[in-house]
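my_file_18.csv follows; it contains CSV, N, CA and C atoms and all ligand atoms.
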```csv
chain,number,residue,atom,x,y,z
A,1,MET,N,-55.5,29.8,-71.4
A,1,MET,CA,-55.1,30.4,-70.1
A,1,MET,C,-54.3,31.7,-70.4
A,2,ALA,N,-54.9,32.8,-70.0
A,2,ALA,CA,-54.2,34.1,-70.2
A,2,ALA,C,-53.1,34.3,-69.2
A,3,LYS,N,-52.0,34.7,-69.7
A,3,LYS,CA,-50.9,35.0,-68.8
A,3,LYS,C,-50.9,36.5,-68.4
A,4,LYS,N,-50.9,36.7,-67.1
A,4,LYS,CA,-51.0,38.1,-66.7
A,4,LYS,C,-49.6,38.8,-66.7
A,5,HIS,N,-49.5,39.9,-67.2
A,5,HIS,CA,-48.3,40.6,-67.3
A,5,HIS,C,-48.0,41.2,-65.9
A,6,VAL,N,-46.8,40.9,-65.3
A,6,VAL,CA,-46.4,41.4,-64.1
A,6,VAL,C,-45.3,42.4,-64.3
A,7,PRO,N,-45.5,43.7,-64.0
A,7,PRO,CA,-44.5,44.7,-64.2
A,7,PRO,C,-43.3,44.4,-63.2
A,8,MET,N,-42.1,44.4,-63.7
A,8,MET,CA,-40.9,44.1,-62.9
A,8,MET,C,-40.1,45.4,-62.8
A,9,ARG,N,-39.5,45.5,-61.6
A,9,ARG,CA,-38.6,46.6,-61.4
A,9,ARG,C,-37.3,46.1,-60.7
A,10,THR,N,-36.3,46.9,-60.8
A,10,THR,CA,-35.0,46.5,-60.3
A,10,THR,C,-34.6,47.2,-59.0
A,11,CYS,N,-34.2,46.5,-58.0
A,11,CYS,CA,-33.7,47.1,-56.8
A,11,CYS,C,-32.4,47.9,-57.1
A,12,VAL,N,-32.3,49.1,-56.7
A,12,VAL,CA,-31.2,49.9,-57.0
A,12,VAL,C,-29.9,49.5,-56.3
A,13,VAL,N,-30.1,48.7,-55.2
A,13,VAL,CA,-28.9,48.2,-54.5
A,13,VAL,C,-28.4,46.9,-55.0
A,14,CYS,N,-29.2,45.8,-55.0
A,14,CYS,CA,-28.7,44.5,-55.3
A,14,CYS,C,-28.9,44.2,-56.8
A,15,GLY,N,-29.7,45.0,-57.5
A,15,GLY,CA,-29.8,44.9,-59.0
A,15,GLY,C,-30.7,43.7,-59.4
A,16,ARG,N,-31.3,43.0,-58.5
A,16,ARG,CA,-32.2,42.0,-58.8
A,16,ARG,C,-33.6,42.5,-59.2
A,17,SER,N,-34.3,41.9,-60.1
A,17,SER,CA,-35.6,42.4,-60.4
A,17,SER,C,-36.7,41.6,-59.7
A,18,TYR,N,-37.7,42.3,-59.4
A,18,TYR,CA,-38.9,41.8,-58.6
A,18,TYR,C,-40.2,42.4,-59.2
A,19,PRO,N,-41.3,41.7,-59.0
A,19,PRO,CA,-42.6,42.3,-59.3
A,19,PRO,C,-42.6,43.6,-58.6
A,20,LYS,N,-43.1,44.6,-59.3
A,20,LYS,CA,-43.1,46.0,-58.8
A,20,LYS,C,-43.8,46.1,-57.4
A,21,ARG,N,-44.9,45.3,-57.2
A,21,ARG,CA,-45.6,45.4,-55.9
A,21,ARG,C,-44.8,44.9,-54.7
A,22,GLU,N,-43.7,44.1,-55.0
A,22,GLU,CA,-42.9,43.6,-53.8
A,22,GLU,C,-41.8,44.6,-53.5
A,23,LEU,N,-41.7,45.6,-54.2
A,23,LEU,CA,-40.6,46.5,-53.9
A,23,LEU,C,-41.1,47.8,-53.3
A,24,ILE,N,-40.2,48.5,-52.6
A,24,ILE,CA,-40.5,49.8,-52.0
A,24,ILE,C,-40.1,50.9,-52.9
A,25,ARG,N,-41.0,51.8,-53.2
A,25,ARG,CA,-40.7,52.9,-54.1
A,25,ARG,C,-40.3,54.1,-53.4
A,26,VAL,N,-39.2,54.7,-53.9
A,26,VAL,CA,-38.8,56.0,-53.4
A,26,VAL,C,-39.0,57.0,-54.5
A,27,VAL,N,-39.6,58.1,-54.3
A,27,VAL,CA,-40.0,59.0,-55.3
A,27,VAL,C,-39.4,60.4,-55.2
A,28,ARG,N,-39.0,60.9,-56.3
A,28,ARG,CA,-38.6,62.3,-56.3
A,28,ARG,C,-39.9,63.1,-56.8
A,29,THR,N,-40.4,63.9,-55.9
A,29,THR,CA,-41.7,64.6,-56.3
A,29,THR,C,-41.4,65.6,-57.3
A,30,PRO,N,-42.5,66.1,-58.0
A,30,PRO,CA,-42.3,67.2,-59.0
A,30,PRO,C,-41.6,68.5,-58.3
A,31,GLU,N,-41.8,68.6,-57.0
A,31,GLU,CA,-41.2,69.7,-56.3
A,31,GLU,C,-39.7,69.5,-56.0
A,32,GLY,N,-39.2,68.2,-56.3
A,32,GLY,CA,-37.8,68.0,-56.1
A,32,GLY,C,-37.4,67.4,-54.8
A,33,ARG,N,-38.4,67.0,-54.0
A,33,ARG,CA,-38.2,66.4,-52.7
A,33,ARG,C,-38.2,64.8,-52.9
A,34,VAL,N,-37.4,64.1,-52.1
A,34,VAL,CA,-37.4,62.7,-52.1
A,34,VAL,C,-38.2,62.1,-51.0
A,35,GLU,N,-39.1,61.2,-51.3
A,35,GLU,CA,-40.0,60.7,-50.2
A,35,GLU,C,-40.1,59.2,-50.4
A,36,LEU,N,-40.4,58.5,-49.3
A,36,LEU,CA,-40.8,57.1,-49.4
A,36,LEU,C,-42.2,57.0,-49.9
A,37,ASP,N,-42.4,56.1,-50.8
A,37,ASP,CA,-43.8,56.0,-51.4
A,37,ASP,C,-44.3,54.6,-51.2
A,38,LEU,N,-44.8,54.3,-50.0
A,38,LEU,CA,-45.2,53.0,-49.7
A,38,LEU,C,-46.4,52.5,-50.5
A,39,GLN,N,-47.2,53.4,-51.0
A,39,GLN,CA,-48.4,52.9,-51.8
A,39,GLN,C,-48.0,52.9,-53.3
A,40,GLY,N,-46.9,53.4,-53.6
A,40,GLY,CA,-46.4,53.4,-55.0
A,40,GLY,C,-47.3,54.2,-56.0
A,41,LYS,N,-47.9,55.3,-55.4
A,41,LYS,CA,-48.8,56.0,-56.2
A,41,LYS,C,-48.4,57.5,-56.4
A,42,LYS,N,-47.3,57.9,-55.8
A,42,LYS,CA,-47.0,59.3,-55.8
A,42,LYS,C,-46.4,59.7,-57.2
A,43,PRO,N,-46.8,60.9,-57.7
A,43,PRO,CA,-46.2,61.2,-59.0
A,43,PRO,C,-44.7,61.6,-58.9
A,44,GLY,N,-44.0,61.4,-59.9
A,44,GLY,CA,-42.6,61.7,-59.9
A,44,GLY,C,-41.7,60.6,-60.4
A,45,ARG,N,-40.4,60.8,-60.4
A,45,ARG,CA,-39.4,59.8,-60.8
A,45,ARG,C,-39.2,58.9,-59.7
A,46,GLY,N,-39.3,57.6,-60.0
A,46,GLY,CA,-39.2,56.6,-58.9
A,46,GLY,C,-37.9,55.8,-58.9
A,47,ALA,N,-37.5,55.3,-57.8
A,47,ALA,CA,-36.4,54.3,-57.7
A,47,ALA,C,-36.9,53.2,-56.7
A,48,TYR,N,-36.4,52.0,-56.9
A,48,TYR,CA,-37.0,50.9,-56.1
A,48,TYR,C,-35.9,50.2,-55.3
A,49,LEU,N,-36.4,49.8,-54.1
A,49,LEU,CA,-35.5,49.0,-53.2
A,49,LEU,C,-36.3,47.7,-52.8
A,50,CYS,N,-35.6,46.6,-52.8
A,50,CYS,CA,-36.3,45.4,-52.3
A,50,CYS,C,-36.4,45.3,-50.8
A,51,THR,N,-37.0,44.3,-50.3
A,51,THR,CA,-37.2,44.3,-48.8
A,51,THR,C,-36.2,43.5,-48.1
A,52,ASP,N,-35.1,43.2,-48.8
A,52,ASP,CA,-34.0,42.5,-48.1
A,52,ASP,C,-33.3,43.6,-47.2
A,53,PRO,N,-33.2,43.3,-45.9
A,53,PRO,CA,-32.6,44.3,-45.0
A,53,PRO,C,-31.2,44.7,-45.5
A,54,ALA,N,-30.5,43.8,-46.1
A,54,ALA,CA,-29.1,44.1,-46.6
A,54,ALA,C,-29.1,45.2,-47.6
A,55,CYS,N,-30.2,45.4,-48.3
A,55,CYS,CA,-30.3,46.5,-49.3
A,55,CYS,C,-30.7,47.8,-48.6
A,56,TRP,N,-30.9,47.8,-47.3
A,56,TRP,CA,-31.3,49.0,-46.6
A,56,TRP,C,-30.1,49.5,-45.7
A,57,ASP,N,-28.9,49.1,-46.1
A,57,ASP,CA,-27.7,49.6,-45.5
A,57,ASP,C,-27.6,51.0,-46.2
A,58,LEU,N,-27.9,52.0,-45.4
A,58,LEU,CA,-28.1,53.4,-46.0
A,58,LEU,C,-26.8,54.0,-46.5
A,59,ARG,N,-25.7,53.5,-46.0
A,59,ARG,CA,-24.4,54.0,-46.6
A,59,ARG,C,-24.3,53.6,-48.1
A,60,VAL,N,-25.0,52.5,-48.4
A,60,VAL,CA,-25.0,52.1,-49.8
A,60,VAL,C,-26.2,52.6,-50.5
A,61,ALA,N,-27.3,52.5,-49.9
A,61,ALA,CA,-28.6,52.8,-50.5
A,61,ALA,C,-28.8,54.3,-50.8
A,62,ILE,N,-28.3,55.2,-49.9
A,62,ILE,CA,-28.5,56.6,-50.2
A,62,ILE,C,-27.8,57.1,-51.4
A,63,PRO,N,-26.5,56.8,-51.5
A,63,PRO,CA,-25.8,57.3,-52.8
A,63,PRO,C,-26.5,56.7,-54.1
A,64,ARG,N,-26.9,55.4,-54.0
A,64,ARG,CA,-27.6,54.9,-55.2
A,64,ARG,C,-28.9,55.6,-55.5
A,65,LEU,N,-29.6,55.9,-54.5
A,65,LEU,CA,-30.9,56.5,-54.7
A,65,LEU,C,-30.7,57.9,-55.2
A,66,GLN,N,-29.7,58.6,-54.7
A,66,GLN,CA,-29.4,60.0,-55.2
A,66,GLN,C,-29.0,60.0,-56.6
A,67,ARG,N,-28.2,58.9,-57.0
A,67,ARG,CA,-27.8,58.9,-58.4
A,67,ARG,C,-29.0,58.6,-59.3
A,68,THR,N,-29.8,57.6,-58.9
A,68,THR,CA,-31.0,57.2,-59.7
A,68,THR,C,-32.0,58.3,-59.8
A,69,LEU,N,-32.2,59.0,-58.7
A,69,LEU,CA,-33.3,60.0,-58.7
A,69,LEU,C,-32.7,61.4,-59.1
A,70,ARG,N,-31.4,61.5,-59.2
A,70,ARG,CA,-30.8,62.8,-59.5
A,70,ARG,C,-31.3,63.9,-58.6
A,71,ALA,N,-31.3,63.6,-57.3
A,71,ALA,CA,-31.7,64.6,-56.3
A,71,ALA,C,-31.1,64.2,-55.0
A,72,PRO,N,-30.8,65.2,-54.2
A,72,PRO,CA,-30.2,64.9,-52.9
A,72,PRO,C,-31.3,64.4,-51.9
A,73,LEU,N,-31.0,63.5,-51.0
A,73,LEU,CA,-31.9,63.1,-49.9
A,73,LEU,C,-31.7,64.0,-48.7
A,74,ASP,N,-32.8,64.7,-48.4
A,74,ASP,CA,-32.6,65.6,-47.2
A,74,ASP,C,-32.8,64.8,-45.9
A,75,GLU,N,-32.6,65.5,-44.8
A,75,GLU,CA,-32.7,64.9,-43.5
A,75,GLU,C,-33.9,64.1,-43.3
A,76,GLU,N,-35.1,64.6,-43.7
A,76,GLU,CA,-36.3,63.9,-43.6
A,76,GLU,C,-36.4,62.6,-44.4
A,77,ALA,N,-35.9,62.7,-45.6
A,77,ALA,CA,-35.9,61.5,-46.4
A,77,ALA,C,-35.0,60.4,-45.8
A,78,ARG,N,-33.8,60.8,-45.3
A,78,ARG,CA,-32.9,59.9,-44.7
A,78,ARG,C,-33.5,59.2,-43.5
A,79,HIS,N,-34.2,60.1,-42.7
A,79,HIS,CA,-34.9,59.6,-41.5
A,79,HIS,C,-36.0,58.6,-41.8
A,80,ALA,N,-36.8,58.9,-42.9
A,80,ALA,CA,-37.8,58.0,-43.3
A,80,ALA,C,-37.3,56.6,-43.7
A,81,LEU,N,-36.1,56.7,-44.4
A,81,LEU,CA,-35.5,55.4,-44.9
A,81,LEU,C,-35.0,54.6,-43.7
A,82,ALA,N,-34.3,55.3,-42.7
A,82,ALA,CA,-33.8,54.7,-41.6
A,82,ALA,C,-34.9,54.0,-40.8
A,83,GLU,N,-36.0,54.7,-40.6
A,83,GLU,CA,-37.2,54.1,-39.9
A,83,GLU,C,-37.7,52.9,-40.6
A,84,TYR,N,-37.8,52.9,-41.9
A,84,TYR,CA,-38.3,51.8,-42.6
A,84,TYR,C,-37.3,50.6,-42.5
A,85,ALA,N,-36.0,50.9,-42.6
A,85,ALA,CA,-35.0,49.9,-42.5
A,85,ALA,C,-35.2,49.1,-41.1
A,86,ASN,N,-35.5,49.9,-40.1
A,86,ASN,CA,-35.7,49.3,-38.8
A,86,ASN,C,-36.9,48.4,-38.7
A,87,THR,N,-38.0,48.8,-39.4
A,87,THR,CA,-39.1,47.9,-39.4
A,87,THR,C,-38.9,46.6,-40.1
A,88,LEU,N,-38.0,46.7,-41.2
A,88,LEU,CA,-37.7,45.5,-41.9
A,88,LEU,C,-36.9,44.5,-41.1
A,89,ARG,N,-35.9,45.1,-40.3
A,89,ARG,CA,-35.1,44.2,-39.5
A,89,ARG,C,-35.9,43.6,-38.4
A,90,GLU,N,-36.8,44.3,-37.9
A,90,GLU,CA,-37.7,43.7,-36.8
A,90,GLU,C,-38.5,42.6,-37.3
A,91,ARG,N,-38.9,42.7,-38.5
A,91,ARG,CA,-39.8,41.7,-39.1
A,91,ARG,C,-39.0,40.3,-39.4
A,92,ARG,N,-37.7,40.4,-39.5
A,92,ARG,CA,-36.9,39.2,-39.8
A,92,ARG,C,-36.9,38.3,-38.6
A,93,PRO,N,-36.9,37.0,-38.8
A,93,PRO,CA,-36.8,36.0,-37.7
A,93,PRO,C,-35.4,36.1,-37.1
A,94,ALA,N,-35.3,35.6,-35.9
A,94,ALA,CA,-34.1,35.7,-35.2
A,94,ALA,C,-32.9,35.1,-36.0
A,95,VAL,N,-31.8,35.6,-35.8
A,95,VAL,CA,-30.6,35.2,-36.5
A,95,VAL,C,-30.2,33.8,-36.0
A,96,VAL,N,-29.8,32.9,-36.9
A,96,VAL,CA,-29.5,31.6,-36.6
A,96,VAL,C,-28.3,31.6,-35.5
A,97,GLY,N,-28.5,30.8,-34.5
A,97,GLY,CA,-27.4,30.7,-33.5
A,97,GLY,C,-27.7,31.6,-32.3
A,98,GLU,N,-28.7,32.5,-32.5
A,98,GLU,CA,-29.0,33.4,-31.4
A,98,GLU,C,-29.7,32.7,-30.3
A,99,ILE,N,-29.4,33.0,-29.0
A,99,ILE,CA,-30.0,32.3,-27.9
A,99,ILE,C,-31.3,33.0,-27.6
A,100,PRO,N,-32.4,32.3,-27.5
A,100,PRO,CA,-33.7,32.9,-27.3
A,100,PRO,C,-33.9,33.6,-25.9
B,201,ZN,ZN,-32.2,44.6,-53.2
```
Would you write the structure of this file as structure tokens?
Ligand SMILES: [Zn+2]
Amino acid sequence: MAKKHVPMRTCVVCGRSYPKRELIRVVRTPEGRVELDLQGKKPGRGAYLCTDPACWDLRVAIPRLQRTLRAPLDEEARHALAEYANTLRERRPAVVGEIP
């Protein structure tokens, strides 16, 4: 039985490692711009975030990404991250105790 190698990456916020495919890649392009890379295929230096909405607290995530990517996140990059954070929160089931 052949064991398949699963590439692992670490979330820059919580520090847990996950199979690369389960993480969201943020890339610094060769032009020096920071972009969300949902397909994980853009060239450049990458940083990874897991899909736990807690890791998408941008006050924490943005400085970590900037440090890892060694590039500032411009307005557009921040906006893309904020949008993605919202879609993650919407996907979560209702909070326990919430009245339907
Ligand atoms: Zn995380």
Q: Dump the neighbourhood of ligand ZN 201 (chain B) as number ranges by chain: all residues within 8 Å, distances computed on all atoms listed in the file.
A: A: 10-17, 48-56
Those same residues - N, CA and C atoms - I'd like them written as a compact mmCIF listing (two decimals), in the coordinates of the input.
```txt
# COMPACT_ATOMS: atom_id res chain seq x y z
N THR A 10 -36.30 46.90 -60.80
CA THR A 10 -35.00 46.50 -60.30
C THR A 10 -34.60 47.20 -59.00
N CYS A 11 -34.20 46.50 -58.00
CA CYS A 11 -33.70 47.10 -56.80
C CYS A 11 -32.40 47.90 -57.10
N VAL A 12 -32.30 49.10 -56.70
CA VAL A 12 -31.20 49.90 -57.00
C VAL A 12 -29.90 49.50 -56.30
N VAL A 13 -30.10 48.70 -55.20
CA VAL A 13 -28.90 48.20 -54.50
C VAL A 13 -28.40 46.90 -55.00
N CYS A 14 -29.20 45.80 -55.00
CA CYS A 14 -28.70 44.50 -55.30
C CYS A 14 -28.90 44.20 -56.80
N GLY A 15 -29.70 45.00 -57.50
CA GLY A 15 -29.80 44.90 -59.00
C GLY A 15 -30.70 43.70 -59.40
N ARG A 16 -31.30 43.00 -58.50
CA ARG A 16 -32.20 42.00 -58.80
C ARG A 16 -33.60 42.50 -59.20
N SER A 17 -34.30 41.90 -60.10
CA SER A 17 -35.60 42.40 -60.40
C SER A 17 -36.70 41.60 -59.70
N TYR A 48 -36.40 52.00 -56.90
CA TYR A 48 -37.00 50.90 -56.10
C TYR A 48 -35.90 50.20 -55.30
N LEU A 49 -36.40 49.80 -54.10
CA LEU A 49 -35.50 49.00 -53.20
C LEU A 49 -36.30 47.70 -52.80
N CYS A 50 -35.60 46.60 -52.80
CA CYS A 50 -36.30 45.40 -52.30
C CYS A 50 -36.40 45.30 -50.80
N THR A 51 -37.00 44.30 -50.30
CA THR A 51 -37.20 44.30 -48.80
C THR A 51 -36.20 43.50 -48.10
N ASP A 52 -35.10 43.20 -48.80
CA ASP A 52 -34.00 42.50 -48.10
C ASP A 52 -33.30 43.60 -47.20
N PRO A 53 -33.20 43.30 -45.90
CA PRO A 53 -32.60 44.30 -45.00
C PRO A 53 -31.20 44.70 -45.50
N ALA A 54 -30.50 43.80 -46.10
CA ALA A 54 -29.10 44.10 -46.60
C ALA A 54 -29.10 45.20 -47.60
N CYS A 55 -30.20 45.40 -48.30
CA CYS A 55 -30.30 46.50 -49.30
C CYS A 55 -30.70 47.80 -48.60
N TRP A 56 -30.90 47.80 -47.30
CA TRP A 56 -31.30 49.00 -46.60
C TRP A 56 -30.10 49.50 -45.70
```
Q: For range 40-42 of chain A, list every protein, DNA or RNA residue within 8 Å, evaluated using only N, CA and C atoms, and leave out those in the same chain fewer than 4 positions away; present the list as a PyMOL selection string.
A: chain A and resi 23-30+36+46
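As for CA of Arg21 in chain A and CA of Asp37 in chain A, they are spaced 11.7 Å apart.
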Q: May I have all residues of range 10-79 of chain A that DSSP, computed from the backbone, assigns to alpha helix (DSSP H), given as a list in words?
A: Leu58, Arg59, Val60, Ala61, Ile62, Pro63, Arg64, Leu65, Gln66, Arg67, Thr68, Leu69, Glu75, Glu76, Ala77, Arg78 and His79 of chain A
Q. So which residues of chain A fall under strand (DSSP E) by DSSP, listed as a PyMOL selection string?
A. chain A and resi 8-10+17-19+24-28+34-37+45-49
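The residue that comes closest to Ala77 in chain A, out of A:Met8, A:Leu65, A:Val34, A:Val60 and on the basis of only N, CA and C atoms, is A:Val34.
Residues lying within 6 Å of (-30.4, 55.3, -45.7). Counted over only C-alpha atoms, they are Leu58, Ala61, Ile62, Arg78, Leu81 and Ala82 of chain A.
Near Pro19 in chain A, within a cut-off of 7 Å and counting all atoms listed in the file, sit the residues Val6, Pro7, Met8 and Arg9 of chain A, with same-chain residues fewer than 5 positions away left out.
Counting from CA of Tyr18 in chain A, the distance to CA of His79 in chain A is 25.0 Å.
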